[in-house]
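K.L.:
Sharing start.cif (mmCIF, C-alpha atoms and all ligand atoms) below.
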```cif
data_protein
loop_
_atom_site.group_PDB
_atom_site.id
_atom_site.type_symbol
_atom_site.label_atom_id
_atom_site.label_comp_id
_atom_site.auth_asym_id
_atom_site.auth_seq_id
_atom_site.Cartn_x
_atom_site.Cartn_y
_atom_site.Cartn_z
ATOM 1 C CA MET A 1 20.875 -5.972 26.441
ATOM 2 C CA SER A 2 19.337 -2.723 25.112
ATOM 3 C CA ASP A 3 18.211 0.025 27.457
ATOM 4 C CA GLY A 4 17.641 2.502 24.644
ATOM 5 C CA ARG A 5 20.505 4.653 25.856
ATOM 6 C CA LEU A 6 20.801 6.326 22.431
ATOM 7 C CA THR A 7 17.161 6.320 21.378
ATOM 8 C CA GLY A 8 16.417 9.058 18.852
ATOM 9 C CA LYS A 9 20.065 9.883 18.194
ATOM 10 C CA VAL A 10 21.859 9.862 14.853
ATOM 11 C CA ALA A 11 25.486 8.694 15.061
ATOM 12 C CA LEU A 12 28.215 8.789 12.417
ATOM 13 C CA ILE A 13 31.087 6.347 12.892
ATOM 14 C CA THR A 14 34.217 6.323 10.755
ATOM 15 C CA GLY A 15 36.114 3.123 10.004
ATOM 16 C CA ALA A 16 32.991 1.122 10.844
ATOM 17 C CA ALA A 17 33.590 -1.742 8.393
ATOM 18 C CA ARG A 18 35.272 -3.862 11.041
ATOM 19 C CA GLY A 19 36.974 -3.880 14.442
ATOM 20 C CA ILE A 20 36.181 -1.226 17.030
ATOM 21 C CA GLY A 21 34.154 0.886 14.558
ATOM 22 C CA ARG A 22 31.853 -2.017 13.708
ATOM 23 C CA ALA A 23 31.431 -2.919 17.393
ATOM 24 C CA CYS A 24 30.455 0.707 18.132
ATOM 25 C CA ALA A 25 28.000 0.715 15.217
ATOM 26 C CA GLU A 26 26.341 -2.488 16.387
ATOM 27 C CA ARG A 27 26.183 -1.448 20.037
ATOM 28 C CA PHE A 28 24.899 2.049 19.250
ATOM 29 C CA ALA A 29 22.178 0.667 16.966
ATOM 30 C CA GLY A 30 21.278 -1.842 19.668
ATOM 31 C CA GLU A 31 20.760 1.102 22.004
ATOM 32 C CA GLY A 32 18.377 2.829 19.623
ATOM 33 C CA ALA A 33 20.638 5.086 17.534
ATOM 34 C CA PHE A 34 20.427 5.353 13.767
ATOM 35 C CA VAL A 35 24.001 4.736 12.609
ATOM 36 C CA LEU A 36 25.746 6.190 9.585
ATOM 37 C CA VAL A 37 28.338 3.539 8.816
ATOM 38 C CA THR A 38 31.338 5.039 7.018
ATOM 39 C CA ASP A 39 34.601 3.528 5.797
ATOM 40 C CA ILE A 40 36.793 3.192 2.718
ATOM 41 C CA ASP A 41 36.124 -0.559 2.826
ATOM 42 C CA THR A 42 32.753 -0.538 1.074
ATOM 43 C CA GLU A 43 32.167 -4.303 1.348
ATOM 44 C CA GLY A 44 32.900 -4.367 5.056
ATOM 45 C CA ALA A 45 30.708 -1.329 5.618
ATOM 46 C CA ALA A 46 27.849 -2.971 3.717
ATOM 47 C CA GLU A 47 28.280 -6.043 5.926
ATOM 48 C CA THR A 48 28.062 -3.876 9.071
ATOM 49 C CA VAL A 49 24.799 -2.384 7.772
ATOM 50 C CA ARG A 50 23.498 -5.863 6.913
ATOM 51 C CA ARG A 51 24.262 -7.130 10.428
ATOM 52 C CA ILE A 52 22.423 -4.173 11.994
ATOM 53 C CA GLY A 53 19.533 -4.040 9.524
ATOM 54 C CA GLU A 54 18.549 -1.172 7.278
ATOM 55 C CA SER A 55 16.083 0.263 9.775
ATOM 56 C CA GLY A 56 19.020 1.028 12.098
ATOM 57 C CA ALA A 57 21.902 1.904 9.793
ATOM 58 C CA ARG A 58 22.968 3.052 6.376
ATOM 59 C CA TRP A 59 26.221 3.291 4.512
ATOM 60 C CA LEU A 60 27.770 6.655 3.715
ATOM 61 C CA GLU A 61 30.870 7.000 1.567
ATOM 62 C CA LEU A 62 33.609 8.753 3.529
ATOM 63 C CA ASP A 63 37.378 8.674 3.310
ATOM 64 C CA VAL A 64 38.340 10.567 6.469
ATOM 65 C CA ARG A 65 41.356 12.134 4.720
ATOM 66 C CA SER A 66 39.137 13.907 2.204
ATOM 67 C CA GLU A 67 37.751 17.348 2.968
ATOM 68 C CA ALA A 68 35.378 16.956 0.017
ATOM 69 C CA ASP A 69 34.022 13.667 1.411
ATOM 70 C CA TRP A 70 33.337 15.280 4.785
ATOM 71 C CA ALA A 71 31.571 18.199 3.069
ATOM 72 C CA ARG A 72 29.417 15.766 1.052
ATOM 73 C CA ALA A 73 28.635 13.730 4.174
ATOM 74 C CA ALA A 74 27.562 16.894 6.016
ATOM 75 C CA VAL A 75 25.175 17.837 3.222
ATOM 76 C CA GLU A 76 23.738 14.318 3.160
ATOM 77 C CA VAL A 77 23.286 14.149 6.946
ATOM 78 C CA GLN A 78 21.577 17.526 6.892
ATOM 79 C CA ARG A 79 19.301 16.484 4.011
ATOM 80 C CA SER A 80 18.338 13.088 5.402
ATOM 81 C CA HIS A 81 18.350 13.533 9.166
ATOM 82 C CA ARG A 82 18.543 17.258 9.931
ATOM 83 C CA ARG A 83 20.690 16.422 12.964
ATOM 84 C CA LEU A 84 23.853 14.652 14.020
ATOM 85 C CA ASP A 85 24.102 13.755 17.694
ATOM 86 C CA VAL A 86 27.260 11.652 17.817
ATOM 87 C CA VAL A 87 30.457 11.392 15.797
ATOM 88 C CA VAL A 88 32.963 8.661 16.571
ATOM 89 C CA ASN A 89 36.251 9.492 14.845
ATOM 90 C CA ASN A 90 37.539 5.935 14.818
ATOM 91 C CA ALA A 91 39.262 5.284 11.461
ATOM 92 C CA GLY A 92 42.988 4.830 11.935
ATOM 93 C CA ILE A 93 46.034 3.090 10.503
ATOM 94 C CA THR A 94 49.329 2.004 12.052
ATOM 95 C CA GLY A 95 51.422 2.547 8.922
ATOM 96 C CA LEU A 96 53.289 -0.688 9.577
ATOM 97 C CA ASP A 97 52.533 -1.839 6.022
ATOM 98 C CA LEU A 98 54.154 1.333 4.636
ATOM 99 C CA GLY A 99 57.696 0.473 5.657
ATOM 100 C CA PRO A 100 59.731 1.059 8.822
ATOM 101 C CA GLN A 101 58.025 3.264 11.381
ATOM 102 C CA ASP A 102 60.887 4.044 13.748
ATOM 103 C CA PRO A 103 62.148 7.636 14.122
ATOM 104 C CA GLU A 104 65.309 6.927 12.107
ATOM 105 C CA HIS A 105 63.914 5.133 9.055
ATOM 106 C CA THR A 106 60.333 6.369 8.567
ATOM 107 C CA THR A 107 59.931 8.052 5.198
ATOM 108 C CA LEU A 108 58.312 11.473 5.081
ATOM 109 C CA GLU A 109 55.699 9.965 2.784
ATOM 110 C CA SER A 110 54.607 7.308 5.271
ATOM 111 C CA TRP A 111 54.800 9.778 8.192
ATOM 112 C CA ARG A 112 52.392 12.010 6.304
ATOM 113 C CA ALA A 113 50.151 9.102 5.302
ATOM 114 C CA VAL A 114 49.687 8.036 8.920
ATOM 115 C CA HIS A 115 48.955 11.581 10.053
ATOM 116 C CA ALA A 116 46.584 12.148 7.111
ATOM 117 C CA THR A 117 44.280 9.371 8.300
ATOM 118 C CA ASN A 118 44.778 9.486 12.053
ATOM 119 C CA LEU A 119 45.057 13.229 12.626
ATOM 120 C CA ASP A 120 43.713 15.113 9.585
ATOM 121 C CA GLY A 121 40.778 12.700 9.606
ATOM 122 C CA VAL A 122 39.975 13.507 13.234
ATOM 123 C CA PHE A 123 40.442 17.258 12.679
ATOM 124 C CA LEU A 124 38.016 17.187 9.729
ATOM 125 C CA GLY A 125 35.597 14.965 11.644
ATOM 126 C CA CYS A 126 35.550 17.350 14.610
ATOM 127 C CA ARG A 127 35.127 20.381 12.366
ATOM 128 C CA THR A 128 32.219 18.789 10.537
ATOM 129 C CA ALA A 129 30.633 17.669 13.802
ATOM 130 C CA ILE A 130 30.831 21.207 15.227
ATOM 131 C CA GLU A 131 29.171 22.616 12.103
ATOM 132 C CA LEU A 132 26.273 20.162 12.316
ATOM 133 C CA MET A 133 25.849 20.080 16.093
ATOM 134 C CA LYS A 134 26.215 23.756 17.014
ATOM 135 C CA PRO A 135 22.771 25.149 16.079
ATOM 136 C CA PRO A 136 20.773 26.077 19.197
ATOM 137 C CA GLY A 137 18.579 23.220 20.379
ATOM 138 C CA LEU A 138 20.842 20.562 18.899
ATOM 139 C CA GLY A 139 24.286 19.704 20.365
ATOM 140 C CA GLY A 140 26.108 16.424 20.505
ATOM 141 C CA SER A 141 29.032 14.293 21.539
ATOM 142 C CA ILE A 142 32.312 13.768 19.685
ATOM 143 C CA VAL A 143 34.264 10.655 20.608
ATOM 144 C CA ASN A 144 37.809 10.498 19.276
ATOM 145 C CA ILE A 145 39.567 7.143 19.272
ATOM 146 C CA SER A 146 43.162 7.870 20.213
ATOM 147 C CA SER A 147 45.325 5.116 21.719
ATOM 148 C CA ARG A 148 47.443 4.268 24.709
ATOM 149 C CA SER A 149 50.192 4.990 22.147
ATOM 150 C CA GLY A 150 49.109 8.635 22.339
ATOM 151 C CA GLN A 151 50.308 8.716 25.943
ATOM 152 C CA VAL A 152 53.701 7.027 25.666
ATOM 153 C CA GLY A 153 56.419 6.832 23.034
ATOM 154 C CA ILE A 154 56.387 3.827 20.676
ATOM 155 C CA SER A 155 59.827 3.360 19.144
ATOM 156 C CA GLY A 156 58.636 1.115 16.301
ATOM 157 C CA ALA A 157 55.503 3.120 15.431
ATOM 158 C CA ALA A 158 56.556 6.729 15.849
ATOM 159 C CA ALA A 159 54.143 8.341 13.382
ATOM 160 C CA TYR A 160 51.245 6.382 14.858
ATOM 161 C CA ALA A 161 52.157 7.455 18.396
ATOM 162 C CA SER A 162 52.638 11.072 17.294
ATOM 163 C CA SER A 163 49.284 11.156 15.512
ATOM 164 C CA LYS A 164 47.473 9.629 18.488
ATOM 165 C CA ALA A 165 49.104 12.085 20.909
ATOM 166 C CA ALA A 166 47.861 14.892 18.672
ATOM 167 C CA VAL A 167 44.346 13.425 18.717
ATOM 168 C CA ARG A 168 44.440 13.402 22.506
ATOM 169 C CA ASN A 169 45.412 17.079 22.577
ATOM 170 C CA HIS A 170 43.039 18.193 19.821
ATOM 171 C CA SER A 171 40.120 16.575 21.641
ATOM 172 C CA LYS A 172 40.773 18.916 24.557
ATOM 173 C CA SER A 173 41.007 21.995 22.290
ATOM 174 C CA VAL A 174 37.676 21.060 20.703
ATOM 175 C CA ALA A 175 36.084 20.509 24.112
ATOM 176 C CA LEU A 176 37.265 23.904 25.416
ATOM 177 C CA TYR A 177 36.347 25.762 22.228
ATOM 178 C CA CYS A 178 32.809 24.388 22.227
ATOM 179 C CA ALA A 179 32.346 25.102 25.932
ATOM 180 C CA GLU A 180 33.629 28.697 25.525
ATOM 181 C CA ARG A 181 31.231 29.291 22.653
ATOM 182 C CA GLY A 182 28.279 27.882 24.573
ATOM 183 C CA TYR A 183 27.818 25.092 22.037
ATOM 184 C CA ALA A 184 26.200 22.024 23.610
ATOM 185 C CA ILE A 185 28.974 19.848 22.216
ATOM 186 C CA ARG A 186 31.210 17.589 24.294
ATOM 187 C CA CYS A 187 34.438 16.044 23.027
ATOM 188 C CA ASN A 188 36.425 13.267 24.682
ATOM 189 C CA SER A 189 39.115 10.778 23.715
ATOM 190 C CA ILE A 190 39.360 7.033 24.250
ATOM 191 C CA HIS A 191 42.754 5.385 24.641
ATOM 192 C CA PRO A 192 42.578 1.665 23.924
ATOM 193 C CA GLY A 193 45.521 -0.616 24.562
ATOM 194 C CA ALA A 194 45.675 -4.058 23.000
ATOM 195 C CA ILE A 195 42.277 -4.744 21.442
ATOM 196 C CA LEU A 196 42.076 -7.837 19.283
ATOM 197 C CA THR A 197 40.936 -6.587 15.864
ATOM 198 C CA PRO A 198 42.131 -7.153 12.280
ATOM 199 C CA MET A 199 44.562 -4.262 12.860
ATOM 200 C CA TRP A 200 46.719 -6.787 14.714
ATOM 201 C CA ASP A 201 46.756 -9.414 11.941
ATOM 202 C CA PRO A 202 50.085 -8.323 10.385
ATOM 203 C CA LEU A 203 51.732 -8.356 13.827
ATOM 204 C CA LEU A 204 50.317 -11.641 15.118
ATOM 205 C CA GLY A 205 50.440 -13.838 12.020
ATOM 206 C CA GLU A 206 48.218 -16.916 11.720
ATOM 207 C CA GLY A 207 47.633 -20.348 13.257
ATOM 208 C CA PRO A 208 49.865 -21.600 16.096
ATOM 209 C CA ALA A 209 52.310 -18.725 15.558
ATOM 210 C CA ARG A 210 49.447 -16.319 16.222
ATOM 211 C CA GLU A 211 48.522 -18.049 19.472
ATOM 212 C CA ALA A 212 52.155 -17.935 20.599
ATOM 213 C CA ALA A 213 52.428 -14.250 19.669
ATOM 214 C CA VAL A 214 49.276 -13.405 21.632
ATOM 215 C CA ARG A 215 50.537 -15.398 24.648
ATOM 216 C CA GLU A 216 53.858 -13.581 24.562
ATOM 217 C CA PHE A 217 52.192 -10.202 24.220
ATOM 218 C CA VAL A 218 49.627 -10.628 26.987
ATOM 219 C CA ALA A 219 52.329 -11.727 29.431
ATOM 220 C CA GLU A 220 53.104 -7.975 29.660
ATOM 221 C CA VAL A 221 49.449 -6.956 30.133
ATOM 222 C CA PRO A 222 48.373 -6.806 33.799
ATOM 223 C CA LEU A 223 44.964 -8.382 33.007
ATOM 224 C CA ARG A 224 46.769 -11.082 30.948
ATOM 225 C CA ARG A 225 44.538 -10.853 27.894
ATOM 226 C CA MET A 226 43.755 -8.633 24.944
ATOM 227 C CA GLY A 227 40.592 -6.544 25.028
ATOM 228 C CA THR A 228 37.609 -6.923 22.731
ATOM 229 C CA PRO A 229 36.113 -4.310 20.389
ATOM 230 C CA GLU A 230 32.847 -4.705 22.311
ATOM 231 C CA GLU A 231 34.555 -3.566 25.521
ATOM 232 C CA VAL A 232 35.680 -0.367 23.776
ATOM 233 C CA ALA A 233 32.188 0.108 22.326
ATOM 234 C CA VAL A 234 30.697 0.198 25.838
ATOM 235 C CA MET A 235 33.032 3.059 26.753
ATOM 236 C CA ALA A 236 32.142 4.909 23.548
ATOM 237 C CA LEU A 237 28.461 4.303 24.312
ATOM 238 C CA TYR A 238 28.802 6.024 27.685
ATOM 239 C CA LEU A 239 30.493 9.040 26.086
ATOM 240 C CA ALA A 240 27.960 9.149 23.248
ATOM 241 C CA SER A 241 24.979 9.037 25.593
ATOM 242 C CA ASP A 242 23.541 11.779 27.784
ATOM 243 C CA GLU A 243 24.773 9.823 30.822
ATOM 244 C CA SER A 244 28.133 11.574 30.319
ATOM 245 C CA SER A 245 26.567 15.061 30.149
ATOM 246 C CA TYR A 246 29.194 16.600 32.509
ATOM 247 C CA VAL A 247 32.184 14.954 30.812
ATOM 248 C CA THR A 248 34.219 16.885 28.260
ATOM 249 C CA GLY A 249 37.899 17.256 27.400
ATOM 250 C CA ALA A 250 38.607 14.025 29.264
ATOM 251 C CA GLU A 251 40.553 10.933 28.304
ATOM 252 C CA PHE A 252 39.459 7.366 28.943
ATOM 253 C CA VAL A 253 42.016 4.583 29.039
ATOM 254 C CA ILE A 254 40.969 0.995 28.290
ATOM 255 C CA ASP A 255 44.116 -1.117 28.208
ATOM 256 C CA GLY A 256 43.947 -3.962 30.709
ATOM 257 C CA GLY A 257 46.215 -1.998 33.034
ATOM 258 C CA ILE A 258 49.168 -1.450 30.651
ATOM 259 C CA LEU A 259 49.498 2.260 31.428
ATOM 260 C CA ALA A 260 49.004 1.786 35.170
ATOM 261 C CA GLY A 261 52.658 1.126 35.818
ATOM 262 C CA SER A 262 55.954 -0.052 34.496
ATOM 263 C CA VAL A 263 57.262 -3.549 33.867
ATOM 264 C CA ALA A 264 60.502 -2.303 35.437
ATOM 265 C CA GLN A 265 58.912 -1.660 38.816
ATOM 266 C CA PRO A 266 60.662 -3.110 41.901
ATOM 267 C CA ARG A 267 58.928 -6.185 43.343
ATOM 268 C CA PRO A 268 59.492 -7.732 46.778
ATOM 269 C CA GLU A 269 61.763 -10.861 46.420
HETATM 270 P P1 LIG A 301 40.929 -1.895 12.053
HETATM 271 O O1 LIG A 301 40.402 -3.247 12.418
HETATM 272 O O2 LIG A 301 42.134 -1.826 11.198
HETATM 273 O O3 LIG A 301 39.730 -1.049 11.399
HETATM 274 C C1 LIG A 301 39.965 0.250 10.939
HETATM 275 C C2 LIG A 301 38.986 0.561 9.823
HETATM 276 O O4 LIG A 301 39.250 1.902 9.390
HETATM 277 C C3 LIG A 301 39.171 -0.353 8.612
HETATM 278 O O5 LIG A 301 37.922 -0.792 8.129
HETATM 279 C C4 LIG A 301 39.865 0.569 7.627
HETATM 280 O O6 LIG A 301 39.598 0.253 6.264
HETATM 281 C C5 LIG A 301 39.253 1.905 7.976
HETATM 282 N N1 LIG A 301 40.001 3.020 7.421
HETATM 283 C C6 LIG A 301 41.349 3.109 7.232
HETATM 284 N N2 LIG A 301 41.646 4.273 6.628
HETATM 285 C C7 LIG A 301 40.482 4.940 6.444
HETATM 286 C C8 LIG A 301 40.137 6.180 5.867
HETATM 287 N N3 LIG A 301 41.082 6.985 5.324
HETATM 288 N N4 LIG A 301 38.848 6.570 5.848
HETATM 289 C C9 LIG A 301 37.885 5.765 6.367
HETATM 290 N N5 LIG A 301 38.142 4.551 6.899
HETATM 291 C C10 LIG A 301 39.428 4.143 6.949
HETATM 292 O O7 LIG A 301 41.287 -1.057 13.360
HETATM 293 P P2 LIG A 301 40.758 -1.141 14.877
HETATM 294 O O8 LIG A 301 41.704 -1.981 15.637
HETATM 295 O O9 LIG A 301 39.298 -1.415 14.907
HETATM 296 O O10 LIG A 301 41.067 0.357 15.313
HETATM 297 C C11 LIG A 301 40.098 1.386 15.291
HETATM 298 C C12 LIG A 301 40.722 2.623 15.917
HETATM 299 O O11 LIG A 301 41.168 2.290 17.235
HETATM 300 C C13 LIG A 301 41.939 3.148 15.180
HETATM 301 O O12 LIG A 301 41.968 4.551 15.215
HETATM 302 C C14 LIG A 301 43.099 2.589 15.974
HETATM 303 O O13 LIG A 301 44.259 3.372 15.842
HETATM 304 C C15 LIG A 301 42.522 2.665 17.372
HETATM 305 N N6 LIG A 301 43.204 1.769 18.302
HETATM 306 C C16 LIG A 301 43.146 0.416 18.143
HETATM 307 C C17 LIG A 301 43.817 -0.406 19.034
HETATM 308 C C18 LIG A 301 43.808 -1.896 18.918
HETATM 309 O O14 LIG A 301 44.513 -2.559 19.710
HETATM 310 N N7 LIG A 301 43.067 -2.495 18.000
HETATM 311 C C19 LIG A 301 44.549 0.164 20.095
HETATM 312 C C20 LIG A 301 44.576 1.538 20.221
HETATM 313 C C21 LIG A 301 43.891 2.337 19.330
HETATM 314 P P3 LIG A 301 40.696 -0.644 5.437
HETATM 315 O O15 LIG A 301 40.675 -1.966 6.098
HETATM 316 O O16 LIG A 301 40.174 -0.659 4.048
HETATM 317 O O17 LIG A 301 41.996 0.071 5.594
#
```
Mind converting the file's structure to structure tokens?
Ligand code: NAP

P.N.:
Amino acid sequence: MSDGRLTGKVALITGAARGIGRACAERFAGEGAFVLVTDIDTEGAAETVRRIGESGARWLELDVRSEADWARAAVEVQRSHRRLDVVVNNAGITGLDLGPQDPEHTTLESWRAVHATNLDGVFLGCRTAIELMKPPGLGGSIVNISSRSGQVGISGAAAYASSKAAVRNHSKSVALYCAERGYAIRCNSIHPGAILTPMWDPLLGEGPAREAAVREFVAEVPLRRMGTPEEVAVMALYLASDESSYVTGAEFVIDGGILAGSVAQPRPE
């Protein structure tokens, strides 16, 4: 499975205790990267490191909302590795456990909480990555995990959709800024659709109800299934590797065809 596509690279991944972040960590390590596994879920992060093995990964404490945590992480990366080749800004929350998320009933507090993780976290992650990657002779790749919800409105998750749209746009600003400055730093966004991770647990429930909920949901997905975290990790791997050396400021959709069209399209007969 491994072609050593990231051999010699150091990668920092946020929200890597489970889901898409863990899949990226495992795939990157399998391709030869040393992975800095970061999350607020310390147990899950430790489990990710255990699954990879300590020769390929280590845990670093990092709440993406905290400027101080990012500053500490930068110092630690500099001290231990003297380089950072890849940052995957993956940590994100839906806010659905914080109360209603529609435009009429969302509280300012929960609106801000969602943006603090999903947008401030990505802003701080990009800023830190630029600082560490910009010295001549270094460089790197920033991969921001946005969402298909960053490209369309989501009436029941308005703050989430707003934050992901902002991530999509900020990725392009970062890409242009770095290119203008002559920094060897690329920045791209990934837009997953329905990827089966623990993020979906509150929406899908458990047992037979869960199976029914998945069936109902995928009926609207052109490929008729949910995606896997590993499928997203392959896309992140391409963007993290030198294979994507001419790709910056671009957005990559992985959604089983959801954004390709509309369910309201006219069909013959
Ligand atoms: P997930 O299973 O919920 O995992 C997210 C991880 O991020 C969790 O371990 C979570 O820790 C951690 N996290 C939350 N807040 C954090 C913070 N402030 N600092 C550091 N870590 C934090 O989610 P996922 O489905 O893998 O999603 C990963 C990314 O993909 C997110 O940005 C999400 O918006 C995006 N995405 C996912 C889908 C999908 O269908 N799954 C679709 C589109 C986009 P706790 O568990 O302790 O909160």

K.L.:
How would you write, as a ChimeraX atom specification, the residues chosen by the PyMOL selection byres (((chain A and resi 32-43) around 9) and not hetatm) on this structure?

P.N.:
/A:2-18,21-22,25-31,44-49,55-64,77,91

K.L.:
Quick one: of A:Ala233, A:Val87, A:Ile93, A:Val221, who's nearest to ligand LIG 301 (chain A), counting all atoms listed in the file?

P.N.:
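Of all the options, A:Ile93 lies closest to ligand LIG 301 (chain A).
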
K.L.:
Ser244 (chain A): which residues within 12 Å, counting only C-alpha atoms, same-chain residues fewer than 2 positions away excluded, as a VMD selection string?

P.N.:
chain A and resid 5 to 6 140 to 143 185 to 188 235 to 242 246 to 250

K.L.:
To one decimal in Å, tell me the separation between atom C7 of ligand LIG 301 (chain A) and CA of Asp102 (chain A).

P.N.:
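Taking atom C7 of ligand LIG 301 (chain A) as the start and CA of Asp102 (chain A) as the end point, the length is 21.7 Å.
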
K.L.:
Identify, on the basis of all atoms listed in the file, every residue whose closest approach to region 106-113 of chain A does not exceed 8 Å; exclude the query and any residue fewer than 5 positions from it along the same chain; express the result as a PDB file with C-alpha atoms, in the frame of the given file.

P.N.:
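File written: out.pdb
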```
ATOM      1  CA  GLY A  95      51.422   2.547   8.922  1.00  0.00           C
ATOM      2  CA  LEU A  98      54.154   1.333   4.636  1.00  0.00           C
ATOM      3  CA  GLY A  99      57.696   0.473   5.657  1.00  0.00           C
ATOM      4  CA  PRO A 100      59.731   1.059   8.822  1.00  0.00           C
ATOM      5  CA  GLN A 101      58.025   3.264  11.381  1.00  0.00           C
ATOM      6  CA  ALA A 159      54.143   8.341  13.382  1.00  0.00           C
TER       7      ALA A 159
END
```

K.L.:
One decimal, in Å: what's the spacing between CA of Arg225 (chain A) and atom O2 of ligand LIG 301 (chain A)?

P.N.:
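These two atoms are separated by 19.1 Å.
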
K.L.:
Residues within 6 Å of region 116-130 of chain A, please, as a ChimeraX atom specification. Count all atoms listed in the file; anything in the same chain fewer than 2 positions from it doesn't count.

P.N.:
/A:64-65,89,92,112-114,132-134,163

K.L.:
Decode the PyMOL selection byres (((chain A and resi 227) around 7) and not hetatm) for the given file into explicit residues and return them as a ChimeraX atom specification.

P.N.:
/A:194-196,225-226,228-229,231

K.L.:
Go through A:Pro198, A:Gly205, A:Gly53, A:Gly261 one by one, measure the shortest atom-to-atom distance of each to ligand LIG 301 (chain A) using only C-alpha atoms and all ligand atoms, and give the residue with the smallest value.

P.N.:
A:Pro198

K.L.:
Between atom C11 of ligand LIG 301 (chain A) and CA of Val86 (chain A), what is the distance in Å, rounded to a tenth?

P.N.:
16.6 Å

K.L.:
Counting only C-alpha atoms, which residue out of A:Leu96, A:Cys24, A:Ala184, A:Ile145 sits closest to Ala166 (chain A)?

P.N.:
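Smallest distance to Ala166 (chain A) is found for A:Ile145.
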
K.L.:
Enumerate, as a list in words, the residues matched when the PyMOL selection byres (((chain A and resi 146-156) around 6) and not hetatm) is run on the file above.

P.N.:
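Listing what the PyMOL selection byres (((chain A and resi 146-156) around 6) and not hetatm) selects in the shown file: Gln101, Asp102, Ile145, Ala157, Ala158, Ala161, Lys164, Ala165, Val167, Ile190, His191, Pro192 and Gly193 of chain A.
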
K.L.:
Go ahead and save the residues from that selection, with C-alpha atoms, as an mmCIF file, in the frame of the given file.

P.N.:
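Result file follows (part_38.cif):
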```cif
data_model
loop_
_atom_site.group_PDB
_atom_site.id
_atom_site.type_symbol
_atom_site.label_atom_id
_atom_site.label_comp_id
_atom_site.auth_asym_id
_atom_site.auth_seq_id
_atom_site.Cartn_x
_atom_site.Cartn_y
_atom_site.Cartn_z
ATOM 1 C CA GLN A 101 58.025 3.264 11.381
ATOM 2 C CA ASP A 102 60.887 4.044 13.748
ATOM 3 C CA ILE A 145 39.567 7.143 19.272
ATOM 4 C CA ALA A 157 55.503 3.120 15.431
ATOM 5 C CA ALA A 158 56.556 6.729 15.849
ATOM 6 C CA ALA A 161 52.157 7.455 18.396
ATOM 7 C CA LYS A 164 47.473 9.629 18.488
ATOM 8 C CA ALA A 165 49.104 12.085 20.909
ATOM 9 C CA VAL A 167 44.346 13.425 18.717
ATOM 10 C CA ILE A 190 39.360 7.033 24.250
ATOM 11 C CA HIS A 191 42.754 5.385 24.641
ATOM 12 C CA PRO A 192 42.578 1.665 23.924
ATOM 13 C CA GLY A 193 45.521 -0.616 24.562
#
```

K.L.:
Can you sort out the box for ligand LIG 301 (chain A), edges along x, y and z, all listed atoms in, 4 Å on every side, with centre and edge lengths in Å to one decimal, as AutoDock Vina command-line options?

P.N.:
```
--center_x 41.2 --center_y 1.9 --center_z 12.1 --size_x 14.7 --size_y 18.2 --size_z 24.2
```

K.L.:
Nearest to ligand LIG 301 (chain A) among A:Leu84, A:Val232, A:Ala209, A:Ala74, with distances taken over all atoms listed in the file: which residue is it?

P.N.:
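That would be A:Val232, the residue with the smallest distance to ligand LIG 301 (chain A).
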
K.L.:
Which one is closest to Val88 (chain A): A:Gly137, A:Val174, A:Glu131, A:Ser189? Count only C-alpha atoms.

P.N.:
A:Ser189
